[in-house]
file query18.txt (compact mmCIF, C-alpha atoms)
# COMPACT_ATOMS: atom_id res chain seq x y z
CA MET A 1 18.05 -22.59 -14.33
CA ASN A 2 16.69 -21.39 -10.99
CA ARG A 3 17.60 -18.38 -8.90
CA ILE A 4 16.55 -17.16 -5.46
CA LEU A 5 16.62 -13.68 -3.94
CA GLU A 6 16.04 -13.19 -0.23
CA LEU A 7 14.81 -9.72 0.63
CA PRO A 8 15.30 -8.81 4.30
CA LEU A 9 11.85 -8.43 5.78
CA ASP A 10 12.85 -7.50 9.29
CA PHE A 11 15.87 -8.25 11.42
CA SER A 12 15.16 -11.95 11.50
CA ARG A 13 13.06 -12.93 8.48
CA ARG A 14 13.24 -12.66 4.70
CA ILE A 15 10.94 -12.67 1.71
CA ALA A 16 11.97 -15.38 -0.72
CA VAL A 17 11.57 -14.59 -4.38
CA GLY A 18 12.39 -17.21 -6.96
CA ALA A 19 12.63 -17.36 -10.72
CA SER A 20 13.18 -20.02 -13.32
CA GLY A 21 14.21 -19.75 -16.95
CA GLU A 22 17.04 -17.65 -18.33
CA GLU A 23 15.04 -14.48 -18.95
CA ASN A 24 13.34 -14.36 -15.55
CA CYS A 25 16.52 -15.26 -13.70
CA GLY A 26 18.14 -12.35 -15.51
CA LEU A 27 15.44 -10.06 -14.16
CA LEU A 28 15.96 -11.38 -10.66
CA GLU A 29 19.70 -10.73 -10.97
CA LEU A 30 18.92 -7.19 -12.09
CA LEU A 31 16.61 -6.65 -9.12
CA ALA A 32 19.26 -8.03 -6.79
CA GLY A 33 21.76 -5.53 -8.19
CA MET A 34 19.39 -2.64 -7.59
CA LEU A 35 18.80 -3.76 -4.01
CA ARG A 36 22.46 -4.70 -3.46
CA LEU A 37 21.44 -8.19 -2.45
CA GLU A 38 22.90 -11.54 -3.38
CA CYS A 39 20.98 -13.60 -5.92
CA ARG A 40 22.02 -17.21 -5.72
CA PRO A 41 21.23 -20.47 -7.44
CA GLY A 42 18.39 -22.29 -5.77
CA GLU A 43 15.43 -24.56 -6.18
CA ALA A 44 12.80 -22.12 -7.39
CA ARG A 45 10.00 -24.65 -7.02
CA GLU A 46 10.37 -24.39 -3.28
CA THR A 47 10.16 -20.62 -3.15
CA PRO A 48 6.78 -18.96 -2.73
CA VAL A 49 6.91 -16.97 -5.95
CA LEU A 50 7.75 -18.60 -9.21
CA LEU A 51 7.96 -16.81 -12.52
CA ASP A 52 7.91 -19.49 -15.13
CA SER A 53 8.53 -18.86 -18.81
CA GLU A 54 7.54 -22.32 -19.94
CA ARG A 55 3.93 -22.60 -18.85
CA GLU A 56 1.23 -23.01 -21.44
CA ASN A 57 -1.95 -20.97 -21.92
CA CYS A 58 -0.42 -17.75 -20.71
CA VAL A 59 -0.45 -14.17 -21.83
CA PRO A 60 2.60 -11.93 -21.75
CA VAL A 61 2.94 -8.85 -19.61
CA THR A 62 1.94 -5.83 -21.67
CA HIS A 63 3.46 -2.40 -21.93
CA SER A 64 0.77 -0.85 -19.79
CA PHE A 65 2.10 -2.77 -16.79
CA ARG A 66 -1.00 -4.89 -16.66
CA TRP A 67 -1.31 -8.60 -17.04
CA THR A 68 -4.35 -10.45 -18.18
CA ASP A 69 -4.01 -14.05 -17.16
CA CYS A 70 -2.62 -15.28 -13.88
CA ARG A 71 -3.21 -18.40 -11.89
CA PHE A 72 -3.24 -19.07 -8.19
CA ASP A 73 -1.95 -22.54 -7.64
CA ALA A 74 -1.88 -24.22 -4.24
CA GLY A 75 0.03 -21.58 -2.34
CA ARG A 76 2.23 -20.59 -5.21
CA ILE A 77 1.72 -17.74 -7.58
CA VAL A 78 2.53 -18.49 -11.15
CA GLN A 79 2.79 -15.60 -13.55
CA ALA A 80 3.84 -16.85 -16.91
CA PHE A 81 5.14 -15.15 -19.99
CA ARG A 82 4.75 -16.57 -23.46
CA GLU A 83 7.32 -14.13 -24.81
CA PRO A 84 10.57 -13.16 -23.13
CA CYS A 85 10.26 -9.84 -21.35
CA ARG A 86 12.85 -7.88 -23.23
CA GLU A 87 11.17 -4.50 -23.34
CA GLN A 88 12.06 -2.23 -20.49
CA ALA A 89 8.53 -1.59 -19.25
CA ALA A 90 7.57 -5.24 -19.38
CA ARG A 91 10.74 -6.22 -17.56
CA GLY A 92 10.02 -3.64 -14.89
CA ALA A 93 6.48 -4.91 -14.49
CA ALA A 94 7.79 -8.45 -14.11
CA MET A 95 10.34 -7.40 -11.49
CA ARG A 96 7.74 -5.49 -9.54
CA LEU A 97 5.43 -8.48 -9.66
CA MET A 98 8.18 -10.80 -8.43
CA LEU A 99 8.84 -8.66 -5.42
CA ASN A 100 5.25 -7.81 -4.55
CA CYS A 101 4.02 -11.40 -4.94
CA GLY A 102 6.63 -12.48 -2.44
CA TYR A 103 5.43 -9.77 -0.09
CA VAL A 104 1.75 -10.72 -0.44
CA LEU A 105 2.39 -14.37 0.29
CA GLU A 106 4.37 -13.43 3.36
CA LEU A 107 1.60 -11.03 4.39
CA LEU A 108 -1.08 -13.69 4.11
CA LYS A 109 0.67 -15.80 6.70
CA GLY A 110 -0.94 -13.33 9.08
CA GLN A 111 2.01 -12.56 11.30
CA THR A 112 2.41 -8.97 10.26
CA PRO A 113 5.10 -6.86 11.82
CA PHE A 114 5.61 -5.36 8.35
CA ALA A 115 3.90 -3.45 5.57
CA LEU A 116 4.66 -2.33 2.05
CA PHE A 117 4.09 1.41 1.85
CA HIS A 118 3.53 3.61 -1.13
CA GLY A 119 5.31 6.75 -0.04
CA ALA A 120 8.47 8.86 0.03
CA LEU A 121 11.17 8.14 2.57
CA LEU A 122 13.30 11.11 3.64
CA GLU A 123 16.34 10.45 5.82
CA THR A 124 17.30 13.01 8.45
CA ALA A 125 20.82 14.06 9.39
CA ALA A 126 20.48 11.91 12.51
CA GLY A 127 19.80 8.87 10.33
CA ASP A 128 16.08 8.63 11.10
CA GLY A 129 13.30 8.44 8.57
CA VAL A 130 10.34 10.62 7.71
CA LEU A 131 7.73 8.74 5.69
CA LEU A 132 5.30 10.76 3.58
CA PHE A 133 2.17 9.20 2.13
CA GLY A 134 -0.73 10.68 0.20
CA THR A 135 -2.78 10.60 -2.95
CA SER A 136 -1.24 10.27 -6.37
CA GLU A 137 0.24 13.52 -7.69
CA VAL A 138 0.10 15.24 -4.31
CA GLY A 139 3.86 15.79 -4.31
CA LYS A 140 5.72 12.85 -2.79
CA THR A 141 8.42 12.87 -5.45
CA THR A 142 8.53 16.67 -5.39
CA SER A 143 9.01 16.53 -1.62
CA LEU A 144 11.87 14.04 -1.97
CA ASN A 145 13.49 16.24 -4.61
CA ARG A 146 13.09 19.32 -2.41
CA TRP A 147 14.62 17.39 0.49
CA LEU A 148 17.60 16.33 -1.64
CA ALA A 149 18.03 19.88 -2.97
CA GLU A 150 18.23 21.10 0.62
CA GLY A 151 21.06 18.63 1.28
CA GLY A 152 19.00 15.79 2.69
CA ARG A 153 19.25 12.10 1.91
CA GLY A 154 16.71 9.67 0.54
CA THR A 155 16.15 7.20 -2.27
CA ALA A 156 12.59 5.93 -2.10
CA ASP A 157 9.52 7.73 -3.41
CA ASP A 158 7.44 4.75 -4.46
CA GLU A 159 7.78 1.56 -2.42
CA VAL A 160 9.02 1.41 1.16
CA LEU A 161 9.10 -1.72 3.29
CA VAL A 162 8.20 -0.82 6.87
CA PHE A 163 8.53 -3.25 9.75
CA ARG A 164 8.03 -3.17 13.48
CA GLN A 165 10.60 -4.23 16.03
CA GLY A 166 9.21 -3.88 19.55
CA GLU A 167 7.79 -0.38 19.79
CA GLU A 168 9.91 0.99 16.96
CA PHE A 169 9.31 1.00 13.22
CA PHE A 170 12.03 0.70 10.57
CA CYS A 171 12.05 1.36 6.83
CA ARG A 172 13.82 -0.14 3.85
CA PRO A 173 13.79 1.63 0.47
CA LEU A 174 12.55 -0.26 -2.57
CA PRO A 175 12.72 0.73 -6.25
CA THR A 176 10.78 3.54 -7.85
CA TRP A 177 9.27 1.40 -10.56
CA SER A 178 7.92 4.09 -12.84
CA ARG A 179 11.31 5.79 -13.01
CA CYS A 180 13.10 2.50 -13.68
CA MET A 181 10.65 1.60 -16.42
CA LEU A 182 10.79 4.97 -18.13
CA GLU A 183 14.42 5.98 -17.66
CA GLY A 184 16.17 2.64 -17.25
CA TRP A 185 17.77 1.19 -14.15
CA ASP A 186 21.37 0.43 -15.02
CA ALA A 187 22.84 2.74 -12.41
CA ARG A 188 19.94 2.85 -9.99
CA GLN A 189 20.39 1.37 -6.56
CA TYR A 190 18.10 1.05 -3.60
CA PRO A 191 20.27 -0.48 -0.89
CA VAL A 192 17.91 -2.26 1.46
CA ALA A 193 20.44 -3.76 3.85
CA GLN A 194 20.52 -0.84 6.27
CA ALA A 195 17.15 -0.12 7.85
CA VAL A 196 16.19 3.44 8.83
CA ARG A 197 14.30 4.06 12.06
CA LEU A 198 10.98 5.77 11.40
CA ARG A 199 10.68 8.99 13.36
CA ARG A 200 7.73 10.65 11.66
CA LEU A 201 4.78 9.42 9.65
CA LEU A 202 2.95 12.19 7.81
CA TRP A 203 0.01 12.40 5.44
CA LEU A 204 1.14 14.75 2.70
CA THR A 205 -1.27 17.45 1.52
CA ARG A 206 -0.77 20.90 0.02
CA GLY A 207 -0.69 24.04 2.14
CA GLU A 208 -2.43 27.05 0.69
CA ARG A 209 -0.47 29.86 2.32
CA LYS A 210 2.18 28.29 4.49
CA GLN A 211 3.88 25.03 5.33
CA GLU A 212 2.96 23.36 8.60
CA ILE A 213 2.25 20.08 10.36
CA VAL A 214 -1.24 19.93 11.83
CA PRO A 215 -3.53 17.25 13.33
CA ALA A 216 -5.48 15.22 10.77
CA ALA A 217 -9.06 13.95 10.96
CA PRO A 218 -8.78 10.28 12.00
CA ALA A 219 -11.04 8.87 9.27
CA ALA A 220 -9.20 10.73 6.51
CA TRP A 221 -5.83 9.77 8.01
CA HIS A 222 -6.75 6.09 8.16
CA THR A 223 -8.24 6.07 4.67
CA HIS A 224 -5.06 7.43 3.12
CA LEU A 225 -2.89 5.23 5.31
CA LEU A 226 -4.73 2.12 4.16
CA SER A 227 -4.48 3.30 0.55
CA ALA A 228 -0.73 3.69 0.95
CA LEU A 229 -0.46 0.20 2.41
CA VAL A 230 -2.40 -1.66 -0.25
CA LEU A 231 -1.57 0.23 -3.45
CA HIS A 232 1.21 -2.15 -4.41
CA LEU A 233 -0.87 -5.20 -3.56
CA TYR A 234 -3.58 -4.88 -6.18
CA GLY A 235 -1.58 -6.66 -8.88
CA PRO A 236 -0.80 -9.78 -6.86
CA LEU A 237 -4.18 -9.71 -5.10
CA ARG A 238 -5.94 -10.00 -8.45
CA LEU A 239 -4.85 -13.62 -8.29
CA PHE A 240 -6.90 -14.26 -5.17
CA PRO A 241 -10.63 -14.58 -4.44
CA ALA A 242 -12.57 -11.84 -2.62
CA PRO A 243 -12.26 -13.29 0.92
CA VAL A 244 -8.46 -13.31 0.60
CA LYS A 245 -8.45 -9.69 -0.60
CA ARG A 246 -10.53 -8.79 2.43
CA GLN A 247 -8.16 -10.79 4.64
CA ALA A 248 -5.21 -8.84 3.25
CA GLY A 249 -7.01 -5.61 4.14
CA GLU A 250 -7.70 -6.79 7.68
CA ILE A 251 -4.06 -7.80 8.15
CA ASN A 252 -2.94 -4.38 6.97
CA TRP A 253 -5.42 -2.79 9.33
CA ARG A 254 -3.72 -4.53 12.26
CA PHE A 255 -0.47 -2.93 11.16
CA ILE A 256 -2.20 0.46 11.10
CA GLU A 257 -3.40 -0.12 14.66
CA ALA A 258 0.22 -0.68 15.65
CA LEU A 259 1.23 2.53 13.86
CA ASP A 260 -1.54 4.36 15.72
CA ARG A 261 0.10 3.51 19.03
CA LYS A 262 3.29 5.24 17.92
CA PHE A 263 2.22 8.04 15.55
CA ALA A 264 -0.58 10.55 16.00
CA PRO A 265 -2.59 11.50 12.89
CA ARG A 266 -0.72 14.43 11.38
CA THR A 267 -0.71 16.02 7.98
CA LEU A 268 2.18 17.91 6.42
CA LYS A 269 0.67 20.80 4.51
CA ALA A 270 3.56 21.34 2.16
CA HIS A 271 4.27 24.65 0.47
CA LEU A 272 7.02 25.15 -2.10
CA GLN A 273 8.07 28.52 -0.70
CA TYR A 274 9.15 27.11 2.67
CA PRO A 275 12.12 24.79 3.31
CA LEU A 276 11.20 21.25 4.27
CA HIS A 277 14.07 20.83 6.73
CA GLU A 278 12.80 23.64 8.92
CA THR A 279 9.40 22.01 9.19
CA LEU A 280 10.40 18.37 9.43
CA GLU A 281 13.39 18.68 11.75
CA MET A 282 11.25 20.28 14.44
CA GLU A 283 10.37 17.99 17.31
CA PRO A 284 7.16 16.02 16.69
CA MET B 1 -29.00 -5.47 0.04
CA LYS B 2 -25.55 -6.42 1.28
CA PRO B 3 -22.14 -4.75 1.53
CA LYS B 4 -19.68 -5.94 -1.11
CA LEU B 5 -17.46 -8.70 0.26
CA THR B 6 -14.21 -6.82 -0.31
CA VAL B 7 -15.36 -3.65 1.47
CA MET B 8 -13.86 -2.81 4.87
CA PHE B 9 -15.62 -0.50 7.28
CA ARG B 10 -13.96 1.18 10.24
CA GLU B 11 -15.50 3.50 12.79
CA GLU B 12 -13.37 6.08 14.59
CA PRO B 13 -13.69 7.13 18.24
CA ASP B 14 -15.43 10.30 17.06
CA ARG B 15 -18.02 8.01 15.38
CA THR B 16 -17.08 9.09 11.88
CA GLY B 17 -15.66 6.30 9.72
CA PHE B 18 -14.76 5.13 6.27
CA LEU B 19 -15.30 2.43 3.68
CA PHE B 20 -12.40 0.93 1.77
CA ASP B 21 -12.74 -1.49 -1.14
CA MET B 22 -9.84 -3.92 -1.31
CA ASP B 23 -10.86 -4.78 -4.86
CA SER B 24 -10.53 -1.33 -6.36
CA GLY B 25 -8.79 0.81 -3.75
CA ALA B 26 -11.76 3.17 -3.68
CA SER B 27 -12.57 4.78 -0.35
CA VAL B 28 -15.16 7.09 1.13
CA VAL B 29 -15.32 8.87 4.48
CA LEU B 30 -18.63 8.58 6.36
CA ASN B 31 -20.08 11.04 8.85
CA ARG B 32 -21.82 9.82 12.00
CA THR B 33 -25.14 9.27 10.28
CA GLY B 34 -23.46 7.40 7.44
CA CYS B 35 -21.70 5.13 9.94
CA PHE B 36 -24.98 4.49 11.75
CA LEU B 37 -26.74 3.54 8.51
CA TRP B 38 -23.84 1.40 7.26
CA LYS B 39 -23.83 -0.63 10.46
CA LEU B 40 -27.55 -1.29 10.04
CA LEU B 41 -26.96 -2.43 6.46
CA GLU B 42 -24.15 -4.71 7.60
CA ALA B 43 -26.53 -6.21 10.15
CA GLY B 44 -28.99 -6.99 7.37
CA THR B 45 -31.58 -4.28 8.05
CA PRO B 46 -33.91 -3.82 5.05
CA PRO B 47 -33.41 -0.39 3.43
CA GLY B 48 -37.07 0.50 3.99
CA GLU B 49 -36.54 0.32 7.75
CA LEU B 50 -33.58 2.67 7.81
CA PRO B 51 -35.46 6.00 8.20
CA GLY B 52 -37.47 4.55 11.07
CA ARG B 53 -34.36 3.24 12.82
CA LEU B 54 -32.70 6.58 12.34
CA ALA B 55 -35.70 8.34 13.86
CA GLU B 56 -35.61 5.94 16.81
CA ALA B 57 -31.95 6.72 17.41
CA CYS B 58 -32.66 10.46 17.27
CA GLY B 59 -35.59 10.27 19.65
CA GLY B 60 -38.14 10.57 16.87
CA ALA B 61 -37.12 14.08 15.89
CA LEU B 62 -36.07 13.93 12.25
CA PRO B 63 -36.36 16.70 9.66
CA PRO B 64 -38.87 16.02 6.84
CA SER B 65 -36.02 15.55 4.36
CA ALA B 66 -34.48 12.63 6.30
CA ALA B 67 -36.17 9.86 4.31
CA ALA B 68 -35.10 11.37 0.99
CA GLU B 69 -31.55 11.89 2.25
CA THR B 70 -31.37 8.31 3.44
CA GLU B 71 -32.48 7.15 0.00
CA ALA B 72 -29.88 9.39 -1.61
CA PHE B 73 -27.21 7.86 0.65
CA LEU B 74 -28.29 4.37 -0.38
CA ASN B 75 -28.23 5.36 -4.03
CA SER B 76 -24.70 6.70 -3.69
CA LEU B 77 -23.66 3.40 -2.08
CA ARG B 78 -25.27 1.45 -4.92
CA GLN B 79 -23.72 3.61 -7.61
CA GLY B 80 -20.31 3.44 -5.96
CA GLY B 81 -20.52 -0.35 -5.88
CA TRP B 82 -20.31 -0.47 -2.10
CA ILE B 83 -23.48 -2.54 -1.77
CA GLY B 84 -25.32 -4.99 -3.99
CA GLU B 85 -28.74 -6.61 -4.05
call {"tool": "encode", "arguments": {"input": "query18.txt", "output": "structure tokens"}}
result
Amino acid sequence: MNRILELPLDFSRRIAVGASGEENCGLLELLAGMLRLECRPGEARETPVLLDSERENCVPVTHSFRWTDCRFDAGRIVQAFREPCREQAARGAAMRLMLNCGYVLELLKGQTPFALFHGALLETAAGDGVLLFGTSEVGKTTSLNRWLAEGGRGTADDEVLVFRQGEEFFCRPLPTWSRCMLEGWDARQYPVAQAVRLRRLLWLTRGERKQEIVPAAPAAWHTHLLSALVLHLYGPLRLFPAPVKRQAGEINWRFIEALDRKFAPRTLKAHLQYPLHETLEMEP
Amino acid sequence: MKPKLTVMFREEPDRTGFLFDMDSGASVVLNRTGCFLWKLLEAGTPPGELPGRLAEACGGALPPSAAAETEAFLNSLRQGGWIGE
């Protein structure tokens, strides 16, 4: 049994994610439902990512979302599970790996009008996007919740697929894995079909006395930007040797250079006592 | 003494910069002096020559503590895993 999911990468290309075996195909179907994408029968051996439940000498995904034995095999990534991934956290880890492995293999082709961000995507009334990135625990999810409480729209506060089309950048929401793993995902949806044009890109920090958007130091801006771009890659990149990890960093850096031509380094110093809409809807 | 293979270095127009390790996700921001020293290390300059090269770049006028501070910088790079023997 083989299944294939094609995640829209930009307006013309897709990431192919494949699975074989009943359990893994079930996970792929679940992921397709969350993304509102079609998962169809296919020849998984020809897709770049293969999750195979029948390989030998493998170690199952654990509950801490880590895996201990992976193999890189001639352009394909094989992550194998000795036991079916029935537990919620393990299933979530497997789904995340499926999607991110597909992304990494596409990334390593080197043609990079796209990036996988760790951040929160807020959608404005005009249908544009504001993408917030920053260190863990700084308040990305809190910012999304504040935005929603103020009547705004948005679904993503973990993974966001960003791609470039000419001089514009567009975003597609991807699942919030931690929430899916902890709270379940039966009713959760992250519709990726409709891309949102990126209007603002902001490094999220905390304001001490007020909420404002101010220029950021370039080195700090770029450090956090690169962190946001590679956070979801560490799992798949563990399969690769050091030069390939470095190559992935360099490819992401080229994407940052493209972002630099569109977005000036700015930090949102967020403060809970001030409405986000007032600050973010102002002209950049 | 060489930079770790997975470490990326970028210098900004203001001559500050940063190191980013693609292996661990660790990062550190460097001031102008840090960037200057890192570039010398990348070029294979022996650590013992760093204070002299720094003095050259500053026209020979370095405070007495410069050598110790350079050593402290190298130690922090070693301890952070940014460079290896």
call {"tool": "interface_residues", "arguments": {"input": "query18.txt", "of": "chain B", "to": "chain A", "cutoff": "12 Å", "atoms": "only C-alpha atoms", "output": "compact mmCIF listing (two decimals) with C-alpha atoms, in the frame of the given file"}}
result
# COMPACT_ATOMS: atom_id res chain seq x y z
CA LYS B 4 -19.68 -5.94 -1.11
CA LEU B 5 -17.46 -8.70 0.26
CA THR B 6 -14.21 -6.82 -0.31
CA VAL B 7 -15.36 -3.65 1.47
CA MET B 8 -13.86 -2.81 4.87
CA PHE B 9 -15.62 -0.50 7.28
CA ARG B 10 -13.96 1.18 10.24
CA GLU B 11 -15.50 3.50 12.79
CA GLU B 12 -13.37 6.08 14.59
CA PRO B 13 -13.69 7.13 18.24
CA ASP B 14 -15.43 10.30 17.06
CA ARG B 15 -18.02 8.01 15.38
CA THR B 16 -17.08 9.09 11.88
CA GLY B 17 -15.66 6.30 9.72
CA PHE B 18 -14.76 5.13 6.27
CA LEU B 19 -15.30 2.43 3.68
CA PHE B 20 -12.40 0.93 1.77
CA ASP B 21 -12.74 -1.49 -1.14
CA MET B 22 -9.84 -3.92 -1.31
CA ASP B 23 -10.86 -4.78 -4.86
CA SER B 24 -10.53 -1.33 -6.36
CA GLY B 25 -8.79 0.81 -3.75
CA ALA B 26 -11.76 3.17 -3.68
CA SER B 27 -12.57 4.78 -0.35
CA VAL B 28 -15.16 7.09 1.13
CA VAL B 29 -15.32 8.87 4.48
CA LEU B 30 -18.63 8.58 6.36
CA ASN B 31 -20.08 11.04 8.85
CA ARG B 32 -21.82 9.82 12.00
CA CYS B 35 -21.70 5.13 9.94
call {"tool": "residues_near_point", "arguments": {"input": "query18.txt", "point": "(-4.2, 11.2, 8.5)", "cutoff": "12 Å", "atoms": "all atoms listed in the file", "output": "ChimeraX atom specification"}}
result
/A:132-135,201-205,213-228,256,259-260,263-269
call {"tool": "residues_around", "arguments": {"input": "query18.txt", "residues": "Ala126 (chain A)", "least_positions_apart": "6", "cutoff": "12 Å", "atoms": "all atoms listed in the file", "output": "list of chain:residue names"}}
result
A:Gly152, A:Arg153, A:Val196, A:Arg197, A:Leu198, A:Arg199, A:Glu281
call {"tool": "write_last_selection", "arguments": {"input": "query18.txt", "atoms": "C-alpha atoms", "output": "short mmCIF file (atom, residue, chain, number, x, y, z; two decimals), in the coordinates of the input"}}
result
data_model
loop_
_atom_site.label_atom_id
_atom_site.label_comp_id
_atom_site.auth_asym_id
_atom_site.auth_seq_id
_atom_site.Cartn_x
_atom_site.Cartn_y
_atom_site.Cartn_z
CA GLY A 152 19.00 15.79 2.69
CA ARG A 153 19.25 12.10 1.91
CA VAL A 196 16.19 3.44 8.83
CA ARG A 197 14.30 4.06 12.06
CA LEU A 198 10.98 5.77 11.40
CA ARG A 199 10.68 8.99 13.36
CA GLU A 281 13.39 18.68 11.75
#
call {"tool": "atom_distance", "arguments": {"input": "query18.txt", "atom1": "CA of Thr70 (chain B)", "atom2": "CA of Pro47 (chain B)"}}
result
8.9 Å
call {"tool": "closest_residue", "arguments": {"input": "query18.txt", "among": "A:Asp157, A:Asp128, A:Glu6, A:Glu137", "to": "Phe169 (chain A)", "atoms": "only C-alpha atoms"}}
result
A:Asp128
call {"tool": "atom_distance", "arguments": {"input": "query18.txt", "atom1": "CA of Cys171 (chain A)", "atom2": "CA of Ala16 (chain A)"}}
result
18.4 Å
call {"tool": "atom_distance", "arguments": {"input": "query18.txt", "atom1": "CA of Asp10 (chain A)", "atom2": "CA of Glu167 (chain A)"}}
result
13.7 Å
call {"tool": "residues_around", "arguments": {"input": "query18.txt", "residues": "Gly81 (chain B)", "least_positions_apart": "3", "cutoff": "9 Å", "atoms": "only C-alpha atoms", "output": "JSON, numbers by chain"}}
result
{"B": [3, 4, 76, 77, 78, 84]}
call {"tool": "residues_around", "arguments": {"input": "query18.txt", "residues": "Leu41 (chain B)", "least_positions_apart": "3", "cutoff": "10 Å", "atoms": "all atoms listed in the file", "output": "list of chain:residue names"}}
result
B:Met1, B:Lys2, B:Pro3, B:Cys35, B:Phe36, B:Leu37, B:Trp38, B:Gly44, B:Thr45, B:Pro46, B:Pro47, B:Leu50, B:Leu74, B:Ile83
call {"tool": "write_last_selection", "arguments": {"input": "query18.txt", "atoms": "C-alpha atoms", "output": "short mmCIF file (atom, residue, chain, number, x, y, z; two decimals), in the frame of the given file"}}
result
data_model
loop_
_atom_site.label_atom_id
_atom_site.label_comp_id
_atom_site.auth_asym_id
_atom_site.auth_seq_id
_atom_site.Cartn_x
_atom_site.Cartn_y
_atom_site.Cartn_z
CA MET B 1 -29.00 -5.47 0.04
CA LYS B 2 -25.55 -6.42 1.28
CA PRO B 3 -22.14 -4.75 1.53
CA CYS B 35 -21.70 5.13 9.94
CA PHE B 36 -24.98 4.49 11.75
CA LEU B 37 -26.74 3.54 8.51
CA TRP B 38 -23.84 1.40 7.26
CA GLY B 44 -28.99 -6.99 7.37
CA THR B 45 -31.58 -4.28 8.05
CA PRO B 46 -33.91 -3.82 5.05
CA PRO B 47 -33.41 -0.39 3.43
CA LEU B 50 -33.58 2.67 7.81
CA LEU B 74 -28.29 4.37 -0.38
CA ILE B 83 -23.48 -2.54 -1.77
#
call {"tool": "residues_around", "arguments": {"input": "query18.txt", "residues": "Phe114 (chain A)", "least_positions_apart": "4", "cutoff": "12 Å", "atoms": "all atoms listed in the file", "output": "PDB file with C-alpha atoms, keeping the file's coordinate frame"}}
result
ATOM      1  CA  PRO A   8      15.300  -8.810   4.300  1.00  0.00           C
ATOM      2  CA  LEU A   9      11.850  -8.430   5.780  1.00  0.00           C
ATOM      3  CA  ASP A  10      12.850  -7.500   9.290  1.00  0.00           C
ATOM      4  CA  PHE A  11      15.870  -8.250  11.420  1.00  0.00           C
ATOM      5  CA  ARG A  13      13.060 -12.930   8.480  1.00  0.00           C
ATOM      6  CA  ARG A  14      13.240 -12.660   4.700  1.00  0.00           C
ATOM      7  CA  ILE A  15      10.940 -12.670   1.710  1.00  0.00           C
ATOM      8  CA  TYR A 103       5.430  -9.770  -0.090  1.00  0.00           C
ATOM      9  CA  VAL A 104       1.750 -10.720  -0.440  1.00  0.00           C
ATOM     10  CA  GLU A 106       4.370 -13.430   3.360  1.00  0.00           C
ATOM     11  CA  LEU A 107       1.600 -11.030   4.390  1.00  0.00           C
ATOM     12  CA  LEU A 108      -1.080 -13.690   4.110  1.00  0.00           C
ATOM     13  CA  LYS A 109       0.670 -15.800   6.700  1.00  0.00           C
ATOM     14  CA  GLY A 110      -0.940 -13.330   9.080  1.00  0.00           C
ATOM     15  CA  VAL A 160       9.020   1.410   1.160  1.00  0.00           C
ATOM     16  CA  LEU A 161       9.100  -1.720   3.290  1.00  0.00           C
ATOM     17  CA  VAL A 162       8.200  -0.820   6.870  1.00  0.00           C
ATOM     18  CA  PHE A 163       8.530  -3.250   9.750  1.00  0.00           C
ATOM     19  CA  ARG A 164       8.030  -3.170  13.480  1.00  0.00           C
ATOM     20  CA  GLN A 165      10.600  -4.230  16.030  1.00  0.00           C
ATOM     21  CA  GLY A 166       9.210  -3.880  19.550  1.00  0.00           C
ATOM     22  CA  GLU A 168       9.910   0.990  16.960  1.00  0.00           C
ATOM     23  CA  PHE A 169       9.310   1.000  13.220  1.00  0.00           C
ATOM     24  CA  PHE A 170      12.030   0.700  10.570  1.00  0.00           C
ATOM     25  CA  CYS A 171      12.050   1.360   6.830  1.00  0.00           C
ATOM     26  CA  ARG A 172      13.820  -0.140   3.850  1.00  0.00           C
ATOM     27  CA  LEU A 229      -0.460   0.200   2.410  1.00  0.00           C
ATOM     28  CA  ILE A 251      -4.060  -7.800   8.150  1.00  0.00           C
ATOM     29  CA  ASN A 252      -2.940  -4.380   6.970  1.00  0.00           C
ATOM     30  CA  TRP A 253      -5.420  -2.790   9.330  1.00  0.00           C
ATOM     31  CA  ARG A 254      -3.720  -4.530  12.260  1.00  0.00           C
ATOM     32  CA  PHE A 255      -0.470  -2.930  11.160  1.00  0.00           C
ATOM     33  CA  ILE A 256      -2.200   0.460  11.100  1.00  0.00           C
ATOM     34  CA  ALA A 258       0.220  -0.680  15.650  1.00  0.00           C
ATOM     35  CA  LEU A 259       1.230   2.530  13.860  1.00  0.00           C
TER      36      LEU A 259
END
call {"tool": "residues_near_point", "arguments": {"input": "query18.txt", "point": "(6.1, 26.2, 0.2)", "cutoff": "12 Å", "atoms": "all atoms listed in the file", "output": "ChimeraX atom specification"}}
result
/A:139,142-143,146,205-212,268-279
call {"tool": "residues_around", "arguments": {"input": "query18.txt", "residues": "Gly52 (chain B)", "least_positions_apart": "3", "cutoff": "12 Å", "atoms": "only C-alpha atoms", "output": "ChimeraX atom specification"}}
result
/B:37,40,45-49,55-62,66-67,70
call {"tool": "build_atoms", "arguments": {"input": "query18.txt", "residues": "region 31-35 of chain B", "atoms": "N, CA and C atoms", "output": "CSV table (one decimal), keeping the file's coordinate frame"}}
result
chain,number,residue,atom,x,y,z
B,31,ASN,N,-19.8,10.3,7.6
B,31,ASN,CA,-20.1,11.0,8.8
B,31,ASN,C,-20.8,10.1,9.8
B,32,ARG,N,-21.2,10.7,11.0
B,32,ARG,CA,-21.8,9.8,12.0
B,32,ARG,C,-23.1,9.1,11.5
B,33,THR,N,-23.9,9.9,10.8
B,33,THR,CA,-25.1,9.3,10.3
B,33,THR,C,-24.8,8.2,9.3
B,34,GLY,N,-23.9,8.4,8.4
B,34,GLY,CA,-23.5,7.4,7.4
B,34,GLY,C,-23.0,6.1,8.1
B,35,CYS,N,-22.2,6.3,9.2
B,35,CYS,CA,-21.7,5.1,9.9
B,35,CYS,C,-22.9,4.4,10.5
